[in-house]
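> Below is the structure I would like to discuss, written out as structure tokens.
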Amino acid sequence: MSSIEITKDTYLMWYESMLLMRKFEEKTGQLYGQQKIRGFCHLYIGQEAVLAGAMSVMRHEDSMITAYRDHAHALAKGTHPNAIMAEMYGKATGCSKGKGGSMHMFDKENHFYGGHGIVGGQIPMGAGVAFAEKYKGTDNVNIAYMGDGAVRQGALTEAFNMAALWKLPVIFVCENNGYAMGTSVERTTIQTDIYKLGLPYGIPSSPVDGMDPVAVHNAMDEAISRARRGEGPTFLEMRTYRFKGHSMSDPQKYRTKEELESYKAKDPIEVVKLAIQKEGYANDQWFEEIEAKIKAQVDESVKFAEESPWPEASELYTDVYVQQDYPYIRD
């Protein structure tokens, strides 16, 4: 059981935050189809409980790092929807000044450290952020998210070893949506219980129902509490499911419509809504007001992105090196 009580306010926060993620991503998909957003684009629809359950446990000072399916993670950590949408448009007002796009969000103020395109590259970086927190003597933790495809990278084993050896305050979270880019877990790994990969390193590891924010909340609270006590890392396999393809260009021929519909029946947003209604935490008017509020937020983010300026050409040379006049930079 969690040391942080799950209350009425928790459920209301979960619903609002997940609905914002869902509506923001749905609008992102529409804009991509209109070619307002270019490049690669990976939607998070269906996996919202993984972040909602963590948000009710994490502190603002705790950090998060993830792969390139990162829009919802940035929202969860407090990045303004305007800054995220503008970034996907490639505008100067984006959270990465329009230089990162959909796959490379970054927000230092909210302790969100990406958005990384190299598969598995964020895993040792998350351990590195945790090392920095331990070195500075804080009790802050890092949550390092990865997909099920990334766990086959050698960087994971190296990071697990170092994190366990040095008892780093990091929670490694595998968002196992079953298919990596488009190939099922069963066809790509001999160990289909992914959480067991942490056990040889002495890392407490367990599977979690990633479609249930209550289960995520409880597992994350236990893991974060361990890390704050200086007891080292935890590895959690969040068993979740994406309702859309790997990216916007994915034809999704590797799974059946029946399988997809079976998971949509477990939609975490609808599950939380039913729980709120059953407990009498909110009435129909509240749900209508939240819907309207989120629609306004998403619409405003699009308007902001549309009206924002493009980056100046000179921005090619900024934020490349810490030293502004680095000798390799030439006008």
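Ligands are numbered from 1 in the order shown, chains are lettered A, B, ... in the order of the structure tokens, and residues start at 1 in each chain.
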Using only C-alpha atoms, which protein or nucleic acid residues come within 9 Å of Thr157 (chain A)? Drop anything in the same chain fewer than 5 positions from it, and give the result as a list in words.
Val151, Arg152, Met162, Leu197, Gly198 and Tyr201 of chain A
> Excluding same-chain residues fewer than 3 positions from region 109-123 of chain A, what lies within 6 Å of it counting only C-alpha atoms, as a PDB file with N, CA and C atoms, in the first residue's frame?

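Below is the file that was written, out_3.pdb:
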ATOM      1  N   SER A  63      13.096  14.546 -11.133  1.00  0.00           N
ATOM      2  CA  SER A  63      13.288  14.723 -12.572  1.00  0.00           C
ATOM      3  C   SER A  63      12.757  13.531 -13.355  1.00  0.00           C
ATOM      4  N   MET A  64      12.581  13.771 -14.650  1.00  0.00           N
ATOM      5  CA  MET A  64      12.051  12.750 -15.545  1.00  0.00           C
ATOM      6  C   MET A  64      12.827  12.804 -16.855  1.00  0.00           C
ATOM      7  N   ILE A  65      13.099  11.642 -17.411  1.00  0.00           N
ATOM      8  CA  ILE A  65      13.744  11.547 -18.715  1.00  0.00           C
ATOM      9  C   ILE A  65      13.087  10.398 -19.468  1.00  0.00           C
ATOM     10  N   THR A  66      12.970  10.535 -20.786  1.00  0.00           N
ATOM     11  CA  THR A  66      12.265   9.498 -21.537  1.00  0.00           C
ATOM     12  C   THR A  66      12.782   9.436 -22.962  1.00  0.00           C
ATOM     13  N   ALA A  67      12.121   8.627 -23.772  1.00  0.00           N
ATOM     14  CA  ALA A  67      12.488   8.491 -25.177  1.00  0.00           C
ATOM     15  C   ALA A  67      11.714   9.522 -25.995  1.00  0.00           C
ATOM     16  N   TYR A  68      11.400   9.195 -27.230  1.00  0.00           N
ATOM     17  CA  TYR A  68      10.849  10.196 -28.137  1.00  0.00           C
ATOM     18  C   TYR A  68       9.325  10.245 -28.153  1.00  0.00           C
ATOM     19  N   ASP A  70       7.218  11.648 -26.132  1.00  0.00           N
ATOM     20  CA  ASP A  70       7.491  12.473 -24.958  1.00  0.00           C
ATOM     21  C   ASP A  70       6.540  13.629 -24.700  1.00  0.00           C
ATOM     22  N   MET A 103      10.163  15.008 -31.011  1.00  0.00           N
ATOM     23  CA  MET A 103      10.927  13.954 -30.346  1.00  0.00           C
ATOM     24  C   MET A 103      11.920  14.429 -29.296  1.00  0.00           C
ATOM     25  N   HIS A 104      12.146  15.740 -29.203  1.00  0.00           N
ATOM     26  CA  HIS A 104      13.227  16.215 -28.347  1.00  0.00           C
ATOM     27  C   HIS A 104      12.796  17.382 -27.470  1.00  0.00           C
ATOM     28  N   MET A 105      11.765  17.142 -26.678  1.00  0.00           N
ATOM     29  CA  MET A 105      11.309  18.134 -25.707  1.00  0.00           C
ATOM     30  C   MET A 105      12.316  18.232 -24.563  1.00  0.00           C
ATOM     31  N   PHE A 106      12.403  19.434 -23.976  1.00  0.00           N
ATOM     32  CA  PHE A 106      13.308  19.637 -22.836  1.00  0.00           C
ATOM     33  C   PHE A 106      12.800  20.828 -22.045  1.00  0.00           C
ATOM     34  N   GLY A 126      19.588   8.908 -17.369  1.00  0.00           N
ATOM     35  CA  GLY A 126      18.772   8.988 -16.164  1.00  0.00           C
ATOM     36  C   GLY A 126      19.566   8.598 -14.927  1.00  0.00           C
ATOM     37  N   ALA A 150      13.614  -0.817 -26.016  1.00  0.00           N
ATOM     38  CA  ALA A 150      14.894  -0.285 -25.532  1.00  0.00           C
ATOM     39  C   ALA A 150      15.598  -1.218 -24.562  1.00  0.00           C
TER      40      ALA A 150
END
> Residues near Ala76 (chain A), anyone? I mean within 8 Å using only C-alpha atoms, not counting same-chain ones fewer than 5 positions away, as JSON, numbers by chain.
{"A": [17, 51, 52, 55]}
> Could those residues be written to a file, using N, CA, C and O atoms, as a PDB file, in the first residue's frame?

ATOM      1  N   SER A  17      -5.717  15.361 -15.690  1.00  0.00           N
ATOM      2  CA  SER A  17      -4.402  15.273 -16.320  1.00  0.00           C
ATOM      3  C   SER A  17      -4.404  14.293 -17.485  1.00  0.00           C
ATOM      4  O   SER A  17      -3.831  14.566 -18.553  1.00  0.00           O
ATOM      5  N   LEU A  51       1.696   7.768 -16.451  1.00  0.00           N
ATOM      6  CA  LEU A  51       2.156   9.067 -15.969  1.00  0.00           C
ATOM      7  C   LEU A  51       1.269   9.613 -14.859  1.00  0.00           C
ATOM      8  O   LEU A  51       1.772  10.192 -13.891  1.00  0.00           O
ATOM      9  N   ALA A  52      -0.038   9.441 -14.984  1.00  0.00           N
ATOM     10  CA  ALA A  52      -0.940   9.966 -13.959  1.00  0.00           C
ATOM     11  C   ALA A  52      -0.624   9.376 -12.588  1.00  0.00           C
ATOM     12  O   ALA A  52      -0.560  10.098 -11.586  1.00  0.00           O
ATOM     13  N   MET A  55       2.514  10.991 -11.213  1.00  0.00           N
ATOM     14  CA  MET A  55       2.364  12.399 -10.850  1.00  0.00           C
ATOM     15  C   MET A  55       1.847  12.586  -9.434  1.00  0.00           C
ATOM     16  O   MET A  55       2.161  13.575  -8.770  1.00  0.00           O
TER      17      MET A  55
END
> I need the residues of region 216-310 of chain A that end up classed as strand (DSSP E or B) by DSSP on the backbone, written out as an NGL selection string.
:A and (234-239)
> Could you please take those selected residues and save N, CA and C atoms as a short mmCIF file (atom, residue, chain, number, x, y, z; two decimals), in the first residue's frame?

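Okay, this is what ended up in selection.cif:
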data_model
loop_
_atom_site.label_atom_id
_atom_site.label_comp_id
_atom_site.auth_asym_id
_atom_site.auth_seq_id
_atom_site.Cartn_x
_atom_site.Cartn_y
_atom_site.Cartn_z
N THR A 234 15.03 1.00 -8.52
CA THR A 234 13.96 0.02 -8.70
C THR A 234 13.68 -0.07 -10.20
N PHE A 235 13.27 -1.23 -10.65
CA PHE A 235 12.89 -1.41 -12.05
C PHE A 235 11.43 -1.86 -12.10
N LEU A 236 10.59 -1.08 -12.76
CA LEU A 236 9.17 -1.38 -12.87
C LEU A 236 8.78 -1.59 -14.33
N GLU A 237 8.11 -2.69 -14.61
CA GLU A 237 7.59 -2.94 -15.95
C GLU A 237 6.11 -2.57 -15.96
N MET A 238 5.80 -1.41 -16.54
CA MET A 238 4.42 -0.96 -16.65
C MET A 238 3.80 -1.62 -17.88
N ARG A 239 2.90 -2.54 -17.66
CA ARG A 239 2.26 -3.26 -18.75
C ARG A 239 1.07 -2.45 -19.24
#
> If we count only C-alpha atoms, what is near His246 (chain A) at a cut-off of 7 Å, once residues fewer than 4 positions away on the same chain are taken out, given as a list of chain:residue names?
A:His42, A:Met181, A:Gly182, A:Asp250
> Tell me, in Å to one decimal, how far CA of Gly53 (chain A) is from CA of Ala219 (chain A).
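Taking CA of Gly53 (chain A) and CA of Ala219 (chain A), their separation equals 8.9 Å.
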